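target38.cif, holding mmCIF, C-alpha atoms:
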```
data_protein
#
loop_
_atom_site.label_atom_id
_atom_site.label_comp_id
_atom_site.auth_asym_id
_atom_site.auth_seq_id
_atom_site.Cartn_x
_atom_site.Cartn_y
_atom_site.Cartn_z
CA MET A 1 -26.02 -3.60 -2.09
CA PRO A 2 -22.66 -5.41 -1.88
CA LEU A 3 -20.76 -5.17 1.40
CA LEU A 4 -17.05 -5.58 2.12
CA LYS A 5 -16.72 -6.41 5.82
CA ASN A 6 -14.12 -7.58 8.33
CA ILE A 7 -11.57 -4.97 7.19
CA GLY A 8 -8.78 -4.89 9.74
CA TYR A 9 -7.41 -1.53 8.56
CA LEU A 10 -9.15 0.72 6.05
CA ALA A 11 -7.04 3.54 4.56
CA THR A 12 -9.63 6.03 3.30
CA CYS A 13 -7.00 8.49 1.93
CA LYS A 14 -9.35 11.47 1.90
CA ASP A 15 -8.09 14.68 0.31
CA GLU A 16 -7.76 16.53 3.58
CA GLY A 17 -4.87 17.46 5.84
CA GLU A 18 -1.22 16.81 5.00
CA GLN A 19 0.61 14.24 2.86
CA GLY A 20 0.67 11.74 5.71
CA ASP A 21 -3.00 11.99 6.70
CA ILE A 22 -4.80 8.93 5.33
CA TYR A 23 -7.64 8.80 7.91
CA PRO A 24 -7.66 5.07 8.71
CA ILE A 25 -10.60 3.19 10.19
CA LYS A 26 -10.00 -0.07 12.05
CA ASN A 27 -12.47 -2.95 11.96
CA ALA A 28 -14.28 -1.28 9.09
CA ALA A 29 -16.85 -2.00 6.40
CA VAL A 30 -17.72 -0.50 2.99
CA VAL A 31 -21.07 -0.63 1.20
CA TRP A 32 -21.68 0.22 -2.45
CA GLU A 33 -24.49 0.18 -4.98
CA ASP A 34 -23.75 -0.36 -8.65
CA SER A 35 -20.39 1.43 -9.03
CA THR A 36 -20.67 3.98 -6.23
CA ILE A 37 -19.76 3.80 -2.52
CA GLN A 38 -22.78 4.40 -0.28
CA TRP A 39 -21.39 3.98 3.23
CA VAL A 40 -17.97 3.78 4.94
CA GLY A 41 -17.28 3.34 8.63
CA SER A 42 -16.68 1.09 11.58
CA GLN A 43 -18.38 -2.27 11.14
CA SER A 44 -19.94 -1.91 14.57
CA ASP A 45 -21.80 1.17 13.26
CA LEU A 46 -23.07 -0.52 10.08
CA PRO A 47 -26.77 0.41 9.59
CA LYS A 48 -29.11 -2.57 9.67
CA LYS A 49 -30.48 -1.68 6.24
CA TYR A 50 -27.16 -2.75 4.68
CA THR A 51 -27.14 -6.25 6.19
CA GLY A 52 -28.41 -9.25 4.30
CA HIS A 53 -26.89 -8.27 0.97
CA GLN A 54 -24.02 -9.81 -1.01
CA THR A 55 -21.01 -9.91 1.30
CA HIS A 56 -17.28 -9.99 0.63
CA ASP A 57 -14.94 -10.82 3.52
CA ALA A 58 -11.61 -8.98 3.81
CA GLU A 59 -10.56 -11.51 6.49
CA GLY A 60 -9.04 -8.86 8.71
CA LYS A 61 -6.66 -7.60 6.03
CA MET A 62 -5.90 -4.03 4.98
CA VAL A 63 -8.04 -2.33 2.35
CA ILE A 64 -6.78 0.67 0.37
CA PRO A 65 -8.23 2.76 -2.45
CA GLY A 66 -7.50 1.30 -5.87
CA LEU A 67 -3.99 2.39 -6.78
CA VAL A 68 -3.70 5.09 -9.45
CA ASP A 69 -0.77 4.94 -11.85
CA CYS A 70 -0.79 8.52 -13.08
CA HIS A 71 2.19 8.28 -15.48
CA THR A 72 2.67 5.42 -17.95
CA HIS A 73 3.61 4.97 -21.62
CA LEU A 74 1.36 1.94 -21.98
CA GLY A 75 1.11 1.60 -25.76
CA PHE A 76 4.36 0.71 -27.51
CA GLY A 77 5.88 -1.76 -29.93
CA GLY A 78 8.91 -3.90 -29.15
CA TRP A 79 11.21 -3.85 -26.13
CA ARG A 80 14.74 -2.52 -25.44
CA PRO A 81 16.56 -5.04 -23.18
CA GLU A 82 19.94 -4.25 -24.74
CA GLU A 83 19.82 -0.77 -23.21
CA PHE A 84 19.61 -2.24 -19.72
CA ALA A 85 23.00 -3.87 -20.22
CA MET A 86 24.40 -0.60 -21.65
CA ARG A 87 23.32 1.35 -18.58
CA VAL A 88 24.78 -1.27 -16.26
CA ARG A 89 28.09 -0.77 -18.06
CA GLY A 90 27.89 2.92 -17.27
CA GLU A 91 26.42 4.50 -20.41
CA SER A 92 23.97 7.29 -19.63
CA TYR A 93 20.42 7.87 -20.86
CA LEU A 94 21.70 10.71 -23.05
CA ASP A 95 24.56 8.55 -24.40
CA ILE A 96 22.08 5.87 -25.44
CA ALA A 97 19.78 8.42 -27.09
CA LYS A 98 22.61 10.07 -29.00
CA SER A 99 23.81 6.67 -30.30
CA GLY A 100 20.45 6.06 -31.97
CA GLY A 101 18.82 4.06 -29.20
CA GLY A 102 16.28 5.23 -26.72
CA ILE A 103 12.92 6.62 -27.69
CA LEU A 104 13.50 6.49 -31.45
CA SER A 105 14.02 2.73 -31.47
CA THR A 106 10.60 2.34 -29.84
CA VAL A 107 9.14 4.81 -32.33
CA LYS A 108 10.25 2.52 -35.17
CA ALA A 109 8.73 -0.56 -33.52
CA THR A 110 5.50 1.24 -32.66
CA ARG A 111 5.04 2.53 -36.19
CA GLN A 112 5.48 -1.01 -37.50
CA ALA A 113 2.89 -2.44 -35.08
CA THR A 114 -0.77 -2.59 -36.06
CA GLU A 115 -3.46 -1.05 -33.92
CA ASP A 116 -4.69 -4.52 -32.98
CA GLU A 117 -1.19 -5.60 -31.95
CA LEU A 118 -0.79 -2.57 -29.71
CA TYR A 119 -4.24 -3.19 -28.25
CA GLU A 120 -3.58 -6.84 -27.40
CA LYS A 121 -0.21 -6.04 -25.84
CA ALA A 122 -1.68 -3.26 -23.68
CA CYS A 123 -4.59 -5.49 -22.61
CA GLY A 124 -2.09 -7.98 -21.24
CA PHE A 125 -0.35 -5.28 -19.25
CA LEU A 126 -3.63 -4.07 -17.73
CA GLN A 127 -4.61 -7.57 -16.65
CA GLU A 128 -1.32 -7.93 -14.79
CA MET A 129 -1.61 -4.45 -13.27
CA ALA A 130 -5.02 -5.30 -11.81
CA LYS A 131 -3.35 -8.08 -9.83
CA LEU A 132 -1.18 -5.43 -8.14
CA GLY A 133 -4.18 -3.46 -6.90
CA ILE A 134 -4.02 -0.86 -9.68
CA THR A 135 -7.44 0.31 -10.86
CA THR A 136 -6.67 3.50 -12.85
CA VAL A 137 -3.95 4.00 -15.47
CA GLU A 138 -2.92 7.18 -17.28
CA CYS A 139 -1.65 6.27 -20.75
CA LYS A 140 0.55 8.46 -22.96
CA SER A 141 1.11 8.34 -26.67
CA GLY A 142 4.50 9.58 -27.87
CA TYR A 143 5.96 6.63 -29.76
CA GLY A 144 4.23 7.46 -33.03
CA LEU A 145 5.51 11.02 -33.63
CA SER A 146 3.35 11.44 -36.73
CA VAL A 147 -0.30 12.34 -37.09
CA GLU A 148 -1.16 8.83 -38.26
CA HIS A 149 0.66 6.92 -35.56
CA GLU A 150 -0.11 9.22 -32.63
CA LEU A 151 -3.81 8.90 -33.43
CA LYS A 152 -3.37 5.13 -33.77
CA THR A 153 -2.04 4.86 -30.22
CA LEU A 154 -4.74 7.11 -28.80
CA ARG A 155 -7.41 5.03 -30.55
CA VAL A 156 -5.99 2.00 -28.75
CA TYR A 157 -6.55 3.76 -25.44
CA ARG A 158 -10.13 4.58 -26.40
CA ARG A 159 -10.76 0.91 -27.19
CA LEU A 160 -9.22 -0.14 -23.89
CA ALA A 161 -11.45 2.27 -21.99
CA GLN A 162 -14.50 0.78 -23.71
CA ASP A 163 -13.58 -2.91 -23.55
CA GLN A 164 -12.01 -3.61 -20.17
CA PRO A 165 -12.73 -2.55 -16.56
CA MET A 166 -9.63 -0.47 -15.78
CA HIS A 167 -10.13 3.30 -15.70
CA ILE A 168 -8.07 4.67 -18.62
CA VAL A 169 -6.90 8.30 -18.82
CA PRO A 170 -5.41 9.21 -22.25
CA THR A 171 -2.61 11.75 -22.71
CA PHE A 172 -1.19 13.09 -25.97
CA LEU A 173 2.64 13.18 -25.99
CA GLY A 174 3.46 14.09 -29.58
CA ALA A 175 6.27 16.28 -28.24
CA HIS A 176 8.29 13.36 -26.88
CA THR A 177 11.29 13.84 -29.15
CA ILE A 178 12.05 14.90 -32.73
CA PRO A 179 11.39 12.00 -35.15
CA PRO A 180 14.14 11.00 -37.61
CA GLU A 181 12.39 12.41 -40.69
CA TYR A 182 12.49 15.86 -39.05
CA LYS A 183 16.04 15.74 -37.69
CA ASP A 184 17.03 18.63 -39.96
CA ASP A 185 13.73 20.49 -39.59
CA ARG A 186 13.07 20.87 -35.88
CA GLU A 187 10.79 23.84 -36.39
CA GLY A 188 8.81 21.90 -38.97
CA TYR A 189 8.04 19.15 -36.47
CA ILE A 190 6.98 21.61 -33.78
CA ASP A 191 4.66 23.22 -36.33
CA LEU A 192 3.26 19.76 -37.13
CA VAL A 193 2.50 19.14 -33.44
CA ILE A 194 0.82 22.53 -33.02
CA GLU A 195 -0.99 22.87 -36.34
CA GLU A 196 -2.01 19.28 -37.12
CA MET A 197 -1.59 16.86 -34.22
CA ILE A 198 -3.18 18.90 -31.43
CA PRO A 199 -6.22 19.93 -33.53
CA ALA A 200 -6.77 16.33 -34.68
CA VAL A 201 -6.52 14.94 -31.14
CA ALA A 202 -8.86 17.61 -29.78
CA GLU A 203 -11.40 17.25 -32.58
CA LYS A 204 -11.62 13.49 -32.14
CA GLU A 205 -11.57 13.82 -28.31
CA LEU A 206 -8.84 11.19 -28.07
CA ALA A 207 -6.96 12.74 -25.13
CA GLU A 208 -7.59 14.88 -22.07
CA PHE A 209 -4.01 15.97 -21.44
CA CYS A 210 -1.04 17.17 -23.47
CA ASP A 211 2.35 16.20 -22.08
CA ILE A 212 5.82 17.24 -23.26
CA PHE A 213 9.38 16.12 -22.57
CA THR A 214 11.07 19.34 -21.49
CA GLU A 215 14.81 18.63 -21.47
CA GLU A 216 18.02 19.55 -23.29
CA SER A 217 17.77 16.36 -25.34
CA ALA A 218 14.10 16.96 -26.18
CA PHE A 219 12.24 20.31 -26.12
CA THR A 220 13.39 23.65 -24.73
CA ILE A 221 11.39 25.81 -22.35
CA ASP A 222 10.34 28.17 -25.16
CA GLU A 223 9.34 25.28 -27.44
CA SER A 224 7.46 23.60 -24.59
CA ARG A 225 5.61 26.80 -23.78
CA ARG A 226 4.47 27.21 -27.41
CA ILE A 227 3.17 23.66 -27.58
CA LEU A 228 1.43 23.68 -24.20
CA VAL A 229 -0.23 27.05 -24.80
CA ALA A 230 -1.60 25.71 -28.10
CA ALA A 231 -2.78 22.52 -26.41
CA LYS A 232 -4.48 24.46 -23.63
CA ALA A 233 -6.28 26.62 -26.19
CA ALA A 234 -7.55 23.42 -27.83
CA GLY A 235 -8.95 22.16 -24.52
CA LEU A 236 -6.14 19.82 -23.45
CA THR A 237 -4.76 20.16 -19.92
CA PRO A 238 -0.96 20.58 -19.75
CA LYS A 239 1.43 18.08 -18.15
CA LEU A 240 5.24 18.05 -18.22
CA HIS A 241 8.17 15.69 -18.02
CA ALA A 242 10.24 18.25 -16.13
CA ASP A 243 13.75 18.64 -14.70
CA GLN A 244 14.60 14.94 -14.97
CA LEU A 245 18.19 15.13 -16.21
CA THR A 246 18.97 18.85 -15.90
CA SER A 247 17.52 21.78 -13.97
CA CYS A 248 16.06 23.59 -16.96
CA GLY A 249 13.06 25.40 -15.53
CA GLY A 250 10.46 22.74 -16.24
CA ALA A 251 8.81 23.05 -12.83
CA GLU A 252 8.54 26.81 -13.23
CA LEU A 253 6.92 26.36 -16.65
CA ALA A 254 4.46 23.84 -15.19
CA ALA A 255 3.36 26.47 -12.69
CA GLU A 256 3.14 29.14 -15.39
CA VAL A 257 0.81 27.11 -17.64
CA GLU A 258 -1.19 25.73 -14.67
CA ALA A 259 -0.30 22.14 -15.46
CA ALA A 260 -2.06 19.28 -13.71
CA SER A 261 1.32 17.83 -12.82
CA ALA A 262 5.05 18.04 -13.34
CA ASP A 263 6.72 14.63 -13.37
CA HIS A 264 10.25 13.31 -12.65
CA LEU A 265 11.69 16.49 -11.03
CA GLU A 266 14.98 14.94 -9.89
CA LYS A 267 16.77 18.22 -10.68
CA ILE A 268 14.03 20.62 -9.58
CA SER A 269 15.13 24.02 -8.27
CA ASP A 270 14.03 25.61 -5.00
CA THR A 271 12.25 28.25 -7.08
CA GLY A 272 10.45 25.54 -9.00
CA ILE A 273 9.20 23.99 -5.76
CA LYS A 274 7.88 27.33 -4.54
CA GLN A 275 6.12 28.11 -7.80
CA MET A 276 4.55 24.65 -8.11
CA ALA A 277 3.25 24.89 -4.54
CA LYS A 278 1.74 28.31 -5.22
CA ALA A 279 0.08 27.15 -8.46
CA GLY A 280 -1.19 23.85 -6.98
CA VAL A 281 0.72 21.67 -9.45
CA VAL A 282 1.08 18.07 -8.28
CA GLY A 283 4.64 16.75 -8.29
CA VAL A 284 4.93 13.16 -9.55
CA THR A 285 7.94 11.12 -8.51
CA LEU A 286 8.99 8.25 -10.79
CA PRO A 287 11.51 6.24 -8.75
CA LEU A 288 11.61 3.28 -11.14
CA ALA A 289 13.04 5.57 -13.81
CA SER A 290 15.72 6.76 -11.41
CA LEU A 291 16.48 3.16 -10.51
CA TYR A 292 16.83 1.94 -14.09
CA THR A 293 18.75 4.98 -15.34
CA GLN A 294 20.96 4.92 -12.22
CA GLU A 295 20.29 8.59 -11.53
CA GLU A 296 20.00 10.12 -8.07
CA PRO A 297 16.35 9.75 -6.95
CA LEU A 298 14.13 12.70 -6.17
CA ASN A 299 14.18 13.84 -2.54
CA CYS A 300 10.41 14.02 -2.14
CA ARG A 301 10.75 15.35 1.40
CA LYS A 302 11.92 18.69 -0.01
CA LEU A 303 8.78 18.98 -2.10
CA VAL A 304 6.42 18.02 0.72
CA GLU A 305 8.08 20.46 3.11
CA GLY A 306 7.81 23.09 0.36
CA GLY A 307 4.05 22.63 0.13
CA VAL A 308 3.88 20.45 -3.01
CA GLU A 309 1.56 17.45 -3.02
CA VAL A 310 3.60 14.46 -4.19
CA ALA A 311 2.16 11.59 -6.21
CA VAL A 312 4.03 8.42 -7.15
CA ALA A 313 3.80 6.54 -10.46
CA THR A 314 5.77 3.97 -12.46
CA ASP A 315 6.67 5.74 -15.74
CA PHE A 316 6.16 2.29 -17.29
CA ASN A 317 7.87 2.30 -20.69
CA PRO A 318 10.17 -0.07 -22.63
CA GLY A 319 13.37 1.90 -22.00
CA SER A 320 13.90 3.78 -18.77
CA ALA A 321 11.27 2.08 -16.59
CA PRO A 322 10.31 -1.31 -18.06
CA THR A 323 8.05 -2.42 -15.20
CA PHE A 324 4.51 -1.53 -14.15
CA ASP A 325 5.07 -2.55 -10.50
CA LEU A 326 3.53 0.42 -8.69
CA PRO A 327 3.89 -1.15 -5.21
CA LEU A 328 7.63 -1.41 -5.92
CA ALA A 329 7.65 2.29 -6.82
CA ILE A 330 5.86 2.98 -3.54
CA MET A 331 8.53 1.10 -1.58
CA LEU A 332 11.35 2.89 -3.41
CA THR A 333 9.75 6.24 -2.64
CA CYS A 334 9.94 5.29 1.03
CA ASN A 335 13.54 4.10 0.96
CA GLN A 336 14.98 6.58 -1.55
CA GLY A 337 12.43 9.38 -1.74
CA ARG A 338 12.28 9.80 2.06
CA LEU A 339 8.55 9.61 2.51
CA SER A 340 6.79 7.41 5.04
CA PRO A 341 4.53 4.52 3.94
CA VAL A 342 1.36 6.49 4.73
CA GLU A 343 2.66 9.53 2.83
CA VAL A 344 3.44 7.43 -0.22
CA LEU A 345 0.11 5.60 -0.04
CA LYS A 346 -1.65 8.96 -0.23
CA GLY A 347 0.63 9.77 -3.16
CA ALA A 348 -0.43 6.64 -5.05
CA THR A 349 -4.13 7.21 -4.43
CA ILE A 350 -5.79 10.60 -3.95
CA TYR A 351 -2.78 12.74 -4.99
CA ALA A 352 -2.24 10.56 -8.06
CA ALA A 353 -5.92 11.06 -8.85
CA LYS A 354 -5.40 14.83 -8.56
CA ALA A 355 -2.50 14.58 -11.03
CA ILE A 356 -4.99 13.35 -13.64
CA ARG A 357 -7.91 15.52 -12.46
CA ARG A 358 -9.94 12.49 -11.32
CA ASP A 359 -10.00 13.16 -7.56
CA HIS A 360 -13.73 13.95 -7.66
CA ARG A 361 -14.38 10.29 -8.53
CA ILE A 362 -11.43 8.08 -7.57
CA GLY A 363 -8.45 7.95 -5.21
CA SER A 364 -10.19 7.65 -1.85
CA ILE A 365 -12.77 5.46 -0.13
CA GLU A 366 -15.64 7.83 0.58
CA LYS A 367 -19.36 8.01 -0.03
CA GLY A 368 -20.04 9.07 -3.62
CA LYS A 369 -16.72 7.84 -5.00
CA SER A 370 -16.18 4.94 -7.37
CA ALA A 371 -16.07 1.57 -5.60
CA ASP A 372 -12.41 0.95 -6.43
CA PHE A 373 -10.27 -0.71 -3.79
CA ALA A 374 -7.66 -3.37 -3.18
CA ILE A 375 -7.35 -5.91 -0.39
CA ILE A 376 -3.75 -6.15 0.79
CA ASP A 377 -2.38 -9.00 2.90
CA ALA A 378 -0.76 -6.74 5.49
CA PRO A 379 -1.98 -5.24 8.78
CA ASN A 380 -1.16 -1.60 7.87
CA PRO A 381 0.90 0.50 5.41
CA ASP A 382 4.01 0.52 7.58
CA PHE A 383 4.24 -3.26 7.72
CA TRP A 384 3.34 -3.56 4.02
CA MET A 385 6.39 -1.53 3.01
CA TYR A 386 8.68 -2.68 5.84
CA HIS A 387 8.26 -6.41 5.14
CA TYR A 388 8.05 -5.93 1.39
CA LYS A 389 6.88 -9.00 -0.52
CA GLY A 390 5.54 -7.36 -3.65
CA ALA A 391 2.01 -6.09 -3.99
CA ASN A 392 0.53 -8.65 -1.56
CA CYS A 393 -2.79 -7.90 -3.27
CA VAL A 394 -5.41 -10.62 -2.78
CA GLY A 395 -8.35 -8.82 -4.37
CA SER A 396 -9.09 -5.83 -6.64
CA PHE A 397 -12.44 -4.13 -7.22
CA ILE A 398 -13.23 -1.61 -9.98
CA ASN A 399 -16.63 0.06 -10.10
CA GLY A 400 -17.76 -2.41 -7.45
CA GLU A 401 -16.89 -5.50 -9.51
CA ARG A 402 -14.24 -7.89 -8.32
CA ILE A 403 -11.73 -8.23 -11.17
CA PHE A 404 -9.04 -10.12 -9.28
#
```

Since I need it in another form, could you write the structure as structure tokens?
Amino acid sequence: MPLLKNIGYLATCKDEGEQGDIYPIKNAAVVWEDSTIQWVGSQSDLPKKYTGHQTHDAEGKMVIPGLVDCHTHLGFGGWRPEEFAMRVRGESYLDIAKSGGGILSTVKATRQATEDELYEKACGFLQEMAKLGITTVECKSGYGLSVEHELKTLRVYRRLAQDQPMHIVPTFLGAHTIPPEYKDDREGYIDLVIEEMIPAVAEKELAEFCDIFTEESAFTIDESRRILVAAKAAGLTPKLHADQLTSCGGAELAAEVEAASADHLEKISDTGIKQMAKAGVVGVTLPLASLYTQEEPLNCRKLVEGGVEVAVATDFNPGSAPTFDLPLAIMLTCNQGRLSPVEVLKGATIYAAKAIRRDHRIGSIEKGKSADFAIIDAPNPDFWMYHYKGANCVGSFINGERIF
């Protein structure tokens, strides 16, 4: 049984207590067999039966659960660097979308890309993400916007899950925006999503979740409800891009349909917070999107005080959040989202796992969980975020195998 010893500070991040309760153990050790943790505790209490096996030395550094990026748009063609300059000059996300840029430009590039090209590009991203301590990635479709190309992207995610060590969680996002061929037939595209895309995705078991961009520039509350109800009936768990640019009732809809999470939430209403808390919907903050779109960031403190569990993710995509640096998102959530380092660490581990319904297996360092963890060159979470130098990750383990 492999053993990780000499852990100066072990953040177990159990799903107990409040947002800031991460249940640390100092001078700790972790033992696992195959892919599953068998023992966690103080090294001085290590049972003799676990000595004499393969040993990894944390050298007194901090060990955290493998980070969980619970909101990405991993599979896409092309890039959109010109939009960065447009935003810096003061043009808004909606201005860029209305001028023909934004999501639709990525749709064109993604449709032109082959499945193999999308696969190779995404593989490269995952290899870099592992170096940041990330061990689980939720991956959305949404740049195909046709039956053929949505299924193509989701097949890429299936291949990634089979071929490389990262835990992959696929999400169908056919309702990302209206594609150009349906610009004069909005109802026709919604029918396509409900009557053809969702059944095809469900039949082929290519996704676990169905997400939707609920916003004035995308899909209304009524349209979103129709799509999510159909997805739920087909066995897909709802998720929402909600209340990012306007307060349109997305959080309330997330509570109504019992979504796993509602993400963005910069414009969430007080009523939305109350209803999400009551329904147990995880709120996912995406501070990199706020940074790149130059929008006011979400005040996560309001959600936590309102009883909502807050996760943090990157929203990695080629337009509004073109980086997969989850530790940077963690730091921004401290400085702009008003959560402490321990609160945000819990948000990027066990609460992020809850946002993708994986908390039974990942997100914390406990007996019976997957042996996923990262060794961080910092004494504790406070110093890690205070003296920020990037991920500071010196080792990543997934299913008990060291991948970095």

What are the nearest atom pairs, with distances in Å to one decimal, for all residues of stretch 3-118 of chain A that come at most 9 Å from stretch 324-348 of chain A, using only C-alpha atoms, set out by chain and rising residue number as CSV?
```
residue,atom,partner,partner_atom,distance
A:Ala11,CA,A:Leu345,CA,8.7
A:Cys13,CA,A:Lys346,CA,5.8
A:Lys14,CA,A:Lys346,CA,8.4
A:Asp15,CA,A:Lys346,CA,8.6
A:Glu18,CA,A:Glu343,CA,8.5
A:Gln19,CA,A:Glu343,CA,5.1
A:Gly20,CA,A:Glu343,CA,4.1
A:Asp21,CA,A:Glu343,CA,7.3
A:Ile22,CA,A:Lys346,CA,6.4
A:Ile64,CA,A:Leu345,CA,8.5
A:Gly66,CA,A:Ala348,CA,8.9
A:Leu67,CA,A:Ala348,CA,5.8
A:Val68,CA,A:Ala348,CA,5.7
A:Asp69,CA,A:Leu326,CA,7.0
A:Cys70,CA,A:Ala348,CA,8.3
A:Thr72,CA,A:Phe324,CA,8.1
```

For this session: Taking the file above as input, evaluate the PyMOL selection byres ((chain A and resi 242-249) around 10) and report the hits as a ChimeraX atom specification.
Result: /A:93-94,212-217,220-221,239-241,250-254,261-269,271-272,283-284,286,289-290,295-298

Exercise. Counting all atoms listed in the file, which of A:Asp211, A:Glu82, A:Glu128, A:Glu115 gets nearest to A:Val257?
Worked result: A:Asp211

Exercise. By how many Å are atom CA of A:Gly77 and atom CA of A:Ala109 apart?
Worked result: 4.7 Å

For this session: For the structure shown, which residues end up in the PyMOL selection byres ((chain A and resi 358) around 12)? Put them as a PyMOL selection string, please?
Result: chain A and resi 15+68-70+136-138+167-169+208+260+349-357+359-364+369-370
